[in-house]
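Report on one structure; see the data block that follows.
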Amino acid sequence: MAKSVIPIGPYHPLQEEPEFFTLTVDGETVVDIDIQIGYNHRGIEKLSERKTFDQSTFVIERICGICSTNHPFAYTRAVEDIIQVEVPERAKYIRTIIAEGERIHSHLLWLGLAGHFLGYNTVYMWVWKLREEILDVMEILSGNRNSYAMFKPGGVRRDINAEDIPLVIKKIDSIIPTLTRLKKAIIDDPVLHARLKGIGILTKQEAIDYCALGPTSRASGVARDVRKDAPYGAYDRVEWDMIVTENGDVFDKVVVRILEMYESIKIVKTCLQNLPDGEIDLNIKDIPPGEGIGAAEAPRGETFHYVRSDGTNRPARHKVRAPTFMNLPTCKTTVIGETVSDATIILAGVDPCYCCTERMAVRSIKGKKLYNGQDLIRLSQEKTETIKKKMGIK
Amino acid sequence: MKLPKIRELIEAIKALIVGPYTSKFPFKPHEPYPSFRGQPVYNPDKCVGCLACEEVCPADAIGHEDITDSLNPKRKIIHYTDTCIFCGCCEAACIADNEGIKLSNEFDLAFFDRKTAEESIEKDLQLCEICGAVIACKDHLKWIAEKIGELTYSNPTLYQSRLKSLGIIDENITSVLKDHGRSDRVKILCARCRRETTLTTV
């Protein structure tokens with residue numbers, strides 16, 4: 001049978017962000033995949049060099065709408081690495097609270113979308129309703145549902161009011177029962193087992209070879225997490241566990257993300273309860289010439305920033321390495337050998353975030369036969385229906 | 001299979017009783033949390049027109065325009081709502097006890113015409129009495145004079161501004177003489193004219 005080529009993109013059917021996948025299929029089975037990125041070049045690194053160190057934080061915050069805290073987190077750590085200072089204890093706790101709150105809402109967002117792609121629109125609606133609680137918490141703490149504008153080199157911009165803390169803890173606690181029910185609903189569901197178990201397997205060795213990061217690597221049994229490996233913020237001051245599973249399939253990626261939310265809730269609560277008193281900002285005036293690096297564990301993996309200063313008040317060079325840049329190539333092993341209807345959820349399994357990644361490449365599009373986004377979601381949802389029918393579940 | 005279904009049923013019933021999370025916004029006004037970061041609003045009584053907010057704004061959402069050709073020179077400070085990212089840097093940098101510009105709770109900022117997406121305040125501008133160059137806003141000079149206390153009396157620009165604002169000296173008392181020399185030193189001057197008047201009298 002002749003091979004045919006299915007181009008997906010440049011608008012991703014799932015994540016609504018521009019990229020281009022060329023799937024070469026033999027009948028139903030994917031035999032090759034080619035990934036092209038570079039449709040979302042915004043010149044953020046150059047823009048950051050035109051702003052002062054303080055102002056750059058806001059540009060960097062807008063690299064990504066979902067992990068809008070971890071980019072400034074890594075950046076401010078890089079700037080603090082140039083000056084060689086430690087931020088005040090209270091600032092460290094506030095930073096941790098914001099970063100973990102963001103992890104919860106990012107994982108919830110991904111979980112909802114994954115449910116949607118599989119034809120489980122109830123999960124989608126349910127999870128996104130749950131996410132509203134977290135977004136409200138973030139609004140109380142930072143003043144905005146997203147783009148928190150909390151970080152600055154040397155500390156944080158806003159303090160957390162003591163009178164807000166009980167309400168925030170109450171709101172965070174209120175999502176635990178629903179999350180538990182959701183966890184059971186997903187882990188017990190035989191259709192999801194049939195649909196997600198054993199597909200898109202990334203073995204431990206492959207995860208190491210491809211330098212996979214974050215939940216993608218932790219689902220494959222590689223215990224890799226910046227928060228544990230090189231603790232920053234208040235992560236070494238609170239009790240939490242790294243979630244690692246062994247199988248590396250899409251189901252494990254779901255499980256890792258769900259269980260990680262519990263850890264994040266634990267971290268946020270502990271930090272809020274033990275918030276130390278004191279200053280929140282070092283009021284840094286001058287940044288000496290030098291170079292610094294900073295890393296932060298974003299919801300998708302390690303975000304890495306490099307900043308060079310020449311003694312002026314603007315960065316001379318700023319480099320960003322986002323986690324999806326490392327995670328996306330793993331599709332090369334996970335998608336090949338699977339069916340087209342599984343390809344969408346496997347590609348979504350790494351939680352790709354292109355707006356983070358896209359800064360460098362520019363390439364051309366070549367396509368022969370186009371399945372559009374709706375078609376692929378339909379294929380994916382139809383497969384779930386077929387499995388349901390086979391199992392006799394309505 | 002039965003058990004998960006019952007569990008999900010609980011959630012469905014709960015959703016029926018509690019209702020949707022979303023509010024009926026256009027029909028029922030939404031009240032944001034007090035800490036919400038909304039539209040920055042100038043306070044004309046507190047703002048001194050120093051432009052610190054323009055200097056720090058990461059999104060270049062604040063600009064200014066000096067109107068000097070009229071009898072009553074004004075500085076117009078403009079905040080562009082469409083460019084603003086509501087970060088609060090302007091409030092944090094405000095020299096007037098962070099009260100010259102303050103983030104409000106206003107979030108309903110949609111507009112049809114982009115040109116209307118701005119708000120501005122006008123502050124009285126102090127011009128150099130010799131060359132007419134812009135020195136600063138009158139309130140800004142007053143603010144400096146109050147900040148530095150008796151040191152004000154080492155600088156005629158500052159103490160004259162202060163005495164004028166207190167109504168102690170007449171508006172036109174010093175502008176009669178125009179010799180660009182020694183007598184001009186006791187006038188409200190820009191930095192360049194001050195240097196020149198000082199040098200000519202050596």
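Each chain of the structure tokens is named A, B, ... in the order shown, its residues numbered from 1; ligands are numbered from 1 in display order.
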Quick one: pick out all helix (DSSP H, G or I) residues within segment 5-195 of chain B from a backbone DSSP run and write them as a PyMOL selection string.
chain B and resi 5-18+52-56+89-93+114-116+138-154+156-166+182-186+191-195
Interface rows for chain B against chain A: nearest pair, Å to one decimal, 7 Å, only C-alpha atoms, as CSV:
```
residue,atom,partner,partner_atom,distance
B:Pro4,CA,A:Ala185,CA,5.7
B:Tyr21,CA,A:Lys129,CA,6.6
B:Tyr33,CA,A:Ile140,CA,6.2
B:Ser35,CA,A:Gly143,CA,5.1
B:Phe36,CA,A:Gly143,CA,3.9
B:Arg37,CA,A:Gly143,CA,4.9
B:Pro58,CA,A:Gln55,CA,4.8
B:Cys87,CA,A:Ala149,CA,5.6
```
Selection file, C-alpha atoms, as a PDB file, in the first residue's frame:
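Listed below is the output, result-v2.pdb:
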```
ATOM      1  CA  PRO B   4     -17.531   5.703  38.885  1.00  0.00           C
ATOM      2  CA  TYR B  21     -19.470  29.143  38.285  1.00  0.00           C
ATOM      3  CA  TYR B  33     -11.478  41.589  44.584  1.00  0.00           C
ATOM      4  CA  SER B  35      -6.547  43.642  45.170  1.00  0.00           C
ATOM      5  CA  PHE B  36      -7.516  43.492  41.484  1.00  0.00           C
ATOM      6  CA  ARG B  37      -5.252  45.453  39.170  1.00  0.00           C
ATOM      7  CA  PRO B  58       7.380  48.818  30.546  1.00  0.00           C
ATOM      8  CA  CYS B  87       1.387  45.978  35.961  1.00  0.00           C
TER       9      CYS B  87
END
```
Between atom CA of Thr157 of chain B and atom CA of Thr198 of chain B lies a distance of 13.5 Å
Nearest residue to Asp81 of chain A out of A:Gly154, A:Gly337, A:Pro215, A:Gly115, using only C-alpha atoms?
A:Gly154
Name the residues in contact with segment 41-50 of chain B at a cut-off of 7 Å, using only C-alpha atoms, excluding same-chain residues fewer than 5 positions from it; report them as a ChimeraX atom specification.
/B:96,99-104,121,123,137,139-140
Work out how far apart atom CA of Asp159 of chain A and atom CA of Asp281 of chain A are and give it in Å to one decimal.
9.6 Å
Which of segment 36-202 of chain A fall in strand (DSSP E or B), as a PyMOL selection string:
chain A and resi 36+151-152+155-156
Spatial neighbours of Leu109 of chain B, 9 Å, only C-alpha atoms, chain gap at least 5 places, as a ChimeraX atom specification:
/B:39,81-82,117
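One distance worth recording is that between atom CA of Asp351 of chain A and atom CA of Glu8 of chain B, which is 26.0 Å.
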Which residues come within 9 Å of Glu65 of chain B, counting only C-alpha atoms, excluding same-chain residues fewer than 2 positions away, as a CSV table (one decimal) with N, CA and C atoms, in the first residue's frame?
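Printed below is result-v4.csv as written:
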```csv
chain,number,residue,atom,x,y,z
B,63,GLY,N,2.4,58.7,28.0
B,63,GLY,CA,3.2,59.7,27.3
B,63,GLY,C,2.8,61.1,27.8
B,67,ILE,N,2.3,71.8,26.3
B,67,ILE,CA,1.7,72.9,25.6
B,67,ILE,C,2.2,74.2,26.1
B,74,LYS,N,0.7,74.3,29.8
B,74,LYS,CA,0.2,73.1,30.5
B,74,LYS,C,1.1,71.9,30.1
B,75,ARG,N,1.1,70.9,31.0
B,75,ARG,CA,1.7,69.6,30.6
B,75,ARG,C,0.5,68.6,30.6
B,76,LYS,N,0.3,68.0,29.5
B,76,LYS,CA,-0.8,67.0,29.4
B,76,LYS,C,-0.1,65.6,29.5
B,77,ILE,N,-0.5,64.9,30.5
B,77,ILE,CA,0.0,63.5,30.7
B,77,ILE,C,-1.1,62.5,30.2
B,78,ILE,N,-0.7,61.7,29.3
B,78,ILE,CA,-1.7,60.8,28.7
B,78,ILE,C,-1.4,59.3,29.0
```
Non-local contacts of Ala223 of chain A (9 Å; only C-alpha atoms; under 6 positions in same chain excluded) as a list of chain:residue names
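Counting only C-alpha atoms, the residues come to A:Gly214, A:Ser217, A:Met242, A:Ile243, A:Val244, A:Thr245.
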Close residues, Asn72 of chain B itself excluded, 10 Å, only C-alpha atoms, min 2 positions apart in chain, as a ChimeraX atom specification
/B:67-70,74,124-126
